[in-house]
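Q: The structure under discussion is supplied below as structure tokens; questions concerning it will follow.
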Amino acid sequence: NKVIIATKNEGKAKEFSSLFAEYGIEVQTLLDYPSLPDVEETGHTFEENAVLKAEAIANETGQLVIADDSGLSIDALDGRPGVYSARYAGVKKDDEANIQKVLAELKGVPEEKRTARFHCVLAIARPGEKTVTVSGSCEGKITSEKQGANGFGYDPIFWMEGFKKTMAELQPEEKNSVSHRGGAMKKLGALLPEIMGG
Ligand code: ITT
């Protein structure tokens, strides 16, 4: 049993490998299919972009494909970076530059106003079938400096009050148990028997 995840993001790929391993499903990603075309993310919501990515790659491969569109919404920035999370600081995807941009924009904003949440939408596309989506989110606060080296993206500045740690200080299994991606994956898990055809 295997699925293709329509992602080139290594951080996501690692998390999906372990999330799907629990269901006995092996994961391949676009890193395993370098010849597939890039999908332009022209949508204005996580849902639209997840569906775009999953359906484009399902059409190319003729197989069941799952895509993840995710990002960080910061209240003091009116929800930014949102769907632009991957390339917030420019065209090139650069986690460090994105973090520095957020920290600069939040300079002087007091702790109680630094609330934020991660969102994740998973889209499951199969040729000839209606695409299904599930979502998850995770509440936190933006720190004033980086802390921790695990995870990816904005994890070093995302404070989890329940753990008194940043997302980047959690062990991978801990992150999966509370993250936006883990939450969406739990909902997907309930649908997997039907989706994978028993
Ligand atoms: P693919 O489209 O190839 O999957 P991407 O990185 O471009 O990769 P998105 O458009 O969904 O994916 O952007 C997601 C960005 O949101 C990602 O690059 C991170 O900056 C951030 N992000 C998403 N999930 C995260 C997580 O669990 N921890 C930290 N940052 C995350």
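Order determines the names: the first chain of the structure tokens is A, the second B, and so forth; residues in each chain are numbered 1 upward, and ligands are numbered 1 upward as they are shown.
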Fewer than 6 positions away in the same chain doesn't count, so skip those; otherwise give me all residues within 9 Å of stretch 88-102 of chain A, counting only C-alpha atoms, as a list in words.

A: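 The neighbour list is Leu77, Arg80, Pro81, Gly82, Ile142, Lys146, Phe152, Gly153, Tyr154, Pro156 and Ile157 of chain A.
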
Q: Can you list, as a PyMOL selection string, every residue of stretch 43-183 of chain A that DSSP puts in strand (DSSP E)?

A: chain A and resi 65-74+115-125+132-142+158-160+165-166

Q: Kindly give the distance, in Å, that separates atom CA of A:Thr131 and atom 2 (O, counted along the ligand's line) of ligand 1, rounded to a single decimal.

A: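 Answer for the atom CA of A:Thr131 to atom 2 (O, counted along the ligand's line) of ligand 1 separation: 17.5 Å.
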
Q: Do you know which residues are at most 8 Å from A:Lys113 counting only C-alpha atoms, after dropping those on the same chain fewer than 2 positions away, and could you put them as a PyMOL selection string?

A: chain A and resi 75-76+109-111+115

Q: Go ahead and save the residues from that selection, with C-alpha atoms, as an mmCIF file, in the first residue's frame.

A:
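Below is the file that was written, result.cif:
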data_model
loop_
_atom_site.group_PDB
_atom_site.id
_atom_site.type_symbol
_atom_site.label_atom_id
_atom_site.label_comp_id
_atom_site.auth_asym_id
_atom_site.auth_seq_id
_atom_site.Cartn_x
_atom_site.Cartn_y
_atom_site.Cartn_z
ATOM 1 C CA ASP A 75 -3.621 37.778 14.380
ATOM 2 C CA ALA A 76 -1.530 40.951 14.781
ATOM 3 C CA VAL A 109 4.007 43.696 19.869
ATOM 4 C CA PRO A 110 3.331 42.481 23.447
ATOM 5 C CA GLU A 111 3.113 38.777 24.237
ATOM 6 C CA THR A 115 -1.479 34.853 19.043
#

Q: Choose the residue, out of A:Ser135, A:Thr7, A:Gln28, A:Asn1, that has the smallest atom-to-atom separation from ligand 1; count only C-alpha atoms and all ligand atoms.

A: A:Thr7

Q: For the structure I just gave you, how does DSSP split stretch 3-84 of chain A - specifically, which residues are helix (DSSP H, G or I)? Reply as number ranges by chain.

A: A: 10-21, 30-32, 46-61, 75-77, 82-84

Q: With N, CA and C atoms retained, export the selected residues as an mmCIF file, in the first residue's frame.

A:
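Saved the output as result.cif:
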data_model
loop_
_atom_site.group_PDB
_atom_site.id
_atom_site.type_symbol
_atom_site.label_atom_id
_atom_site.label_comp_id
_atom_site.auth_asym_id
_atom_site.auth_seq_id
_atom_site.Cartn_x
_atom_site.Cartn_y
_atom_site.Cartn_z
ATOM 1 N N GLU A 10 10.583 18.937 2.214
ATOM 2 C CA GLU A 10 11.156 17.797 2.939
ATOM 3 C C GLU A 10 10.629 17.661 4.355
ATOM 4 N N GLY A 11 10.337 18.799 4.987
ATOM 5 C CA GLY A 11 9.779 18.757 6.341
ATOM 6 C C GLY A 11 8.431 18.063 6.355
ATOM 7 N N LYS A 12 7.573 18.446 5.406
ATOM 8 C CA LYS A 12 6.270 17.775 5.298
ATOM 9 C C LYS A 12 6.467 16.294 4.983
ATOM 10 N N ALA A 13 7.379 15.993 4.042
ATOM 11 C CA ALA A 13 7.583 14.608 3.604
ATOM 12 C C ALA A 13 7.941 13.714 4.786
ATOM 13 N N LYS A 14 8.832 14.196 5.659
ATOM 14 C CA LYS A 14 9.237 13.414 6.837
ATOM 15 C C LYS A 14 8.047 13.156 7.739
ATOM 16 N N GLU A 15 7.260 14.212 7.987
ATOM 17 C CA GLU A 15 6.120 14.041 8.888
ATOM 18 C C GLU A 15 5.105 13.063 8.297
ATOM 19 N N PHE A 16 4.858 13.144 6.996
ATOM 20 C CA PHE A 16 3.884 12.221 6.398
ATOM 21 C C PHE A 16 4.385 10.783 6.424
ATOM 22 N N SER A 17 5.706 10.574 6.262
ATOM 23 C CA SER A 17 6.223 9.200 6.326
ATOM 24 C C SER A 17 5.835 8.555 7.631
ATOM 25 N N SER A 18 5.998 9.285 8.740
ATOM 26 C CA SER A 18 5.685 8.649 10.019
ATOM 27 C C SER A 18 4.182 8.642 10.275
ATOM 28 N N LEU A 19 3.456 9.673 9.840
ATOM 29 C CA LEU A 19 1.999 9.673 10.038
ATOM 30 C C LEU A 19 1.334 8.512 9.281
ATOM 31 N N PHE A 20 1.779 8.237 8.054
ATOM 32 C CA PHE A 20 1.172 7.159 7.271
ATOM 33 C C PHE A 20 1.686 5.787 7.679
ATOM 34 N N ALA A 21 2.906 5.739 8.258
ATOM 35 C CA ALA A 21 3.447 4.453 8.705
ATOM 36 C C ALA A 21 2.502 3.801 9.713
ATOM 37 N N LEU A 30 6.875 14.127 -4.365
ATOM 38 C CA LEU A 30 7.366 14.645 -5.643
ATOM 39 C C LEU A 30 8.883 14.640 -5.688
ATOM 40 N N LEU A 31 9.533 14.515 -4.505
ATOM 41 C CA LEU A 31 10.985 14.380 -4.488
ATOM 42 C C LEU A 31 11.388 13.056 -5.142
ATOM 43 N N ASP A 32 10.456 12.071 -5.149
ATOM 44 C CA ASP A 32 10.697 10.801 -5.838
ATOM 45 C C ASP A 32 10.303 10.857 -7.318
ATOM 46 N N PHE A 46 -6.185 27.899 1.667
ATOM 47 C CA PHE A 46 -5.453 26.629 1.801
ATOM 48 C C PHE A 46 -6.196 25.527 1.053
ATOM 49 N N GLU A 47 -7.521 25.530 1.194
ATOM 50 C CA GLU A 47 -8.350 24.501 0.558
ATOM 51 C C GLU A 47 -8.182 24.516 -0.968
ATOM 52 N N GLU A 48 -8.294 25.703 -1.563
ATOM 53 C CA GLU A 48 -8.164 25.800 -3.030
ATOM 54 C C GLU A 48 -6.798 25.291 -3.481
ATOM 55 N N ASN A 49 -5.749 25.693 -2.770
ATOM 56 C CA ASN A 49 -4.404 25.292 -3.193
ATOM 57 C C ASN A 49 -4.155 23.802 -2.983
ATOM 58 N N ALA A 50 -4.697 23.240 -1.908
ATOM 59 C CA ALA A 50 -4.531 21.795 -1.688
ATOM 60 C C ALA A 50 -5.204 21.020 -2.816
ATOM 61 N N VAL A 51 -6.416 21.451 -3.187
ATOM 62 C CA VAL A 51 -7.155 20.767 -4.261
ATOM 63 C C VAL A 51 -6.416 20.915 -5.589
ATOM 64 N N LEU A 52 -5.920 22.126 -5.875
ATOM 65 C CA LEU A 52 -5.160 22.356 -7.116
ATOM 66 C C LEU A 52 -3.986 21.392 -7.238
ATOM 67 N N LYS A 53 -3.196 21.303 -6.155
ATOM 68 C CA LYS A 53 -1.983 20.464 -6.183
ATOM 69 C C LYS A 53 -2.345 18.992 -6.321
ATOM 70 N N ALA A 54 -3.344 18.536 -5.542
ATOM 71 C CA ALA A 54 -3.692 17.097 -5.550
ATOM 72 C C ALA A 54 -4.263 16.698 -6.910
ATOM 73 N N GLU A 55 -5.159 17.515 -7.458
ATOM 74 C CA GLU A 55 -5.809 17.136 -8.723
ATOM 75 C C GLU A 55 -4.820 17.191 -9.887
ATOM 76 N N ALA A 56 -3.923 18.178 -9.886
ATOM 77 C CA ALA A 56 -2.948 18.272 -10.987
ATOM 78 C C ALA A 56 -2.069 17.019 -11.025
ATOM 79 N N ILE A 57 -1.596 16.584 -9.859
ATOM 80 C CA ILE A 57 -0.690 15.423 -9.841
ATOM 81 C C ILE A 57 -1.466 14.110 -10.034
ATOM 82 N N ALA A 58 -2.705 14.057 -9.574
ATOM 83 C CA ALA A 58 -3.534 12.866 -9.841
ATOM 84 C C ALA A 58 -3.785 12.728 -11.337
ATOM 85 N N ASN A 59 -4.011 13.839 -12.011
ATOM 86 C CA ASN A 59 -4.213 13.797 -13.464
ATOM 87 C C ASN A 59 -2.951 13.364 -14.189
ATOM 88 N N GLU A 60 -1.780 13.834 -13.715
ATOM 89 C CA GLU A 60 -0.501 13.470 -14.336
ATOM 90 C C GLU A 60 -0.167 11.998 -14.148
ATOM 91 N N THR A 61 -0.437 11.473 -12.956
ATOM 92 C CA THR A 61 0.028 10.125 -12.624
ATOM 93 C C THR A 61 -1.059 9.064 -12.787
ATOM 94 N N ASP A 75 -2.521 36.819 14.179
ATOM 95 C CA ASP A 75 -3.621 37.778 14.380
ATOM 96 C C ASP A 75 -3.163 39.226 14.240
ATOM 97 N N ALA A 76 -2.002 39.563 14.823
ATOM 98 C CA ALA A 76 -1.530 40.951 14.781
ATOM 99 C C ALA A 76 -1.163 41.384 13.363
ATOM 100 N N LEU A 77 -1.025 40.419 12.441
ATOM 101 C CA LEU A 77 -0.717 40.730 11.037
ATOM 102 C C LEU A 77 -1.935 40.458 10.148
ATOM 103 N N GLY A 82 -0.315 33.498 6.125
ATOM 104 C CA GLY A 82 -1.414 32.757 5.508
ATOM 105 C C GLY A 82 -0.989 31.882 4.345
ATOM 106 N N VAL A 83 -1.705 31.977 3.233
ATOM 107 C CA VAL A 83 -1.376 31.112 2.087
ATOM 108 C C VAL A 83 -0.011 31.466 1.475
ATOM 109 N N TYR A 84 0.556 32.605 1.886
ATOM 110 C CA TYR A 84 1.876 32.988 1.372
ATOM 111 C C TYR A 84 3.006 32.565 2.302
#

Q: Quick one: everything within 10 Å of A:Glu169, counting only C-alpha atoms, minus sequence neighbours fewer than 4 positions away in the same chain. Send it as a list in words.

A: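 Skipping anything fewer than 4 positions along the chain leaves Gln147, Gly148, Ala149, Asn150, Gly151, Asp155, Pro156, Phe158, Trp159, Met160, Phe163, Lys164, Lys165, Glu174 and Lys175 of chain A.
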
Q: Using the selection just defined, write its residues with C-alpha atoms as a compact mmCIF listing (two decimals), in the first residue's frame.

A:
# COMPACT_ATOMS: atom_id res chain seq x y z
CA GLN A 147 14.18 28.41 19.98
CA GLY A 148 14.72 24.73 19.04
CA ALA A 149 16.04 22.87 16.01
CA ASN A 150 13.42 20.22 15.18
CA GLY A 151 10.67 20.46 12.60
CA ASP A 155 8.40 25.89 14.14
CA PRO A 156 11.28 27.68 16.01
CA PHE A 158 5.77 28.97 17.37
CA TRP A 159 5.21 28.75 21.14
CA MET A 160 2.98 25.96 22.47
CA PHE A 163 4.26 22.24 26.45
CA LYS A 164 6.03 25.48 27.46
CA LYS A 165 8.16 24.85 24.39
CA GLU A 174 4.92 14.99 20.01
CA LYS A 175 4.52 17.44 17.14

Q: For A:Ser179, which residue out of A:Glu145, A:Glu139, A:Glu22, A:Glu194 is the nearest one, using only C-alpha atoms?

A: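 With only C-alpha atoms as the atom set, the closest residue is A:Glu139.
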
Q: Residues near A:Thr29, anyone? I mean within 9 Å using only C-alpha atoms, not counting same-chain ones fewer than 5 positions away, as a PDB file with N, CA and C atoms, in the first residue's frame.

A:
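Saved the output as result_8.pdb:
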ATOM      1  N   VAL A   3       0.905   5.742  -1.083  1.00  0.00           N
ATOM      2  CA  VAL A   3       0.255   6.931  -1.639  1.00  0.00           C
ATOM      3  C   VAL A   3       1.324   7.911  -2.099  1.00  0.00           C
ATOM      4  N   ILE A   4       0.940   8.752  -3.056  1.00  0.00           N
ATOM      5  CA  ILE A   4       1.816   9.843  -3.488  1.00  0.00           C
ATOM      6  C   ILE A   4       1.349  11.114  -2.780  1.00  0.00           C
ATOM      7  N   ILE A   5       2.274  11.768  -2.099  1.00  0.00           N
ATOM      8  CA  ILE A   5       1.978  13.070  -1.511  1.00  0.00           C
ATOM      9  C   ILE A   5       2.559  14.132  -2.450  1.00  0.00           C
ATOM     10  N   ALA A   6       1.712  15.023  -2.912  1.00  0.00           N
ATOM     11  CA  ALA A   6       2.146  16.034  -3.882  1.00  0.00           C
ATOM     12  C   ALA A   6       2.867  17.170  -3.176  1.00  0.00           C
ATOM     13  N   THR A   7       4.049  16.865  -2.638  1.00  0.00           N
ATOM     14  CA  THR A   7       4.836  17.913  -1.977  1.00  0.00           C
ATOM     15  C   THR A   7       6.297  17.790  -2.340  1.00  0.00           C
ATOM     16  N   LYS A   8       6.966  18.941  -2.364  1.00  0.00           N
ATOM     17  CA  LYS A   8       8.426  18.960  -2.516  1.00  0.00           C
ATOM     18  C   LYS A   8       9.077  19.426  -1.226  1.00  0.00           C
ATOM     19  N   ASN A   9       8.274  19.609  -0.205  1.00  0.00           N
ATOM     20  CA  ASN A   9       8.780  20.128   1.071  1.00  0.00           C
ATOM     21  C   ASN A   9       9.275  18.958   1.926  1.00  0.00           C
ATOM     22  N   ALA A  13       7.379  15.993   4.042  1.00  0.00           N
ATOM     23  CA  ALA A  13       7.583  14.608   3.604  1.00  0.00           C
ATOM     24  C   ALA A  13       7.941  13.714   4.786  1.00  0.00           C
TER      25      ALA A  13
END

Q: Work out how far atom 27 (O, counted along the ligand's line) of ligand 1 is from atom CA of A:Arg181, in Å to one decimal.

A: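 Value for the atom CA of A:Arg181-atom 27 (O, counted along the ligand's line) of ligand 1 distance: 6.6 Å.
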
Q: Have a look at A:Gly162, A:Gly62, A:Pro172, A:Pro127 and name the one nearest to ligand 1; count only C-alpha atoms and all ligand atoms.

A: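 Checking each candidate against ligand 1, we get A:Pro172 as the closest.
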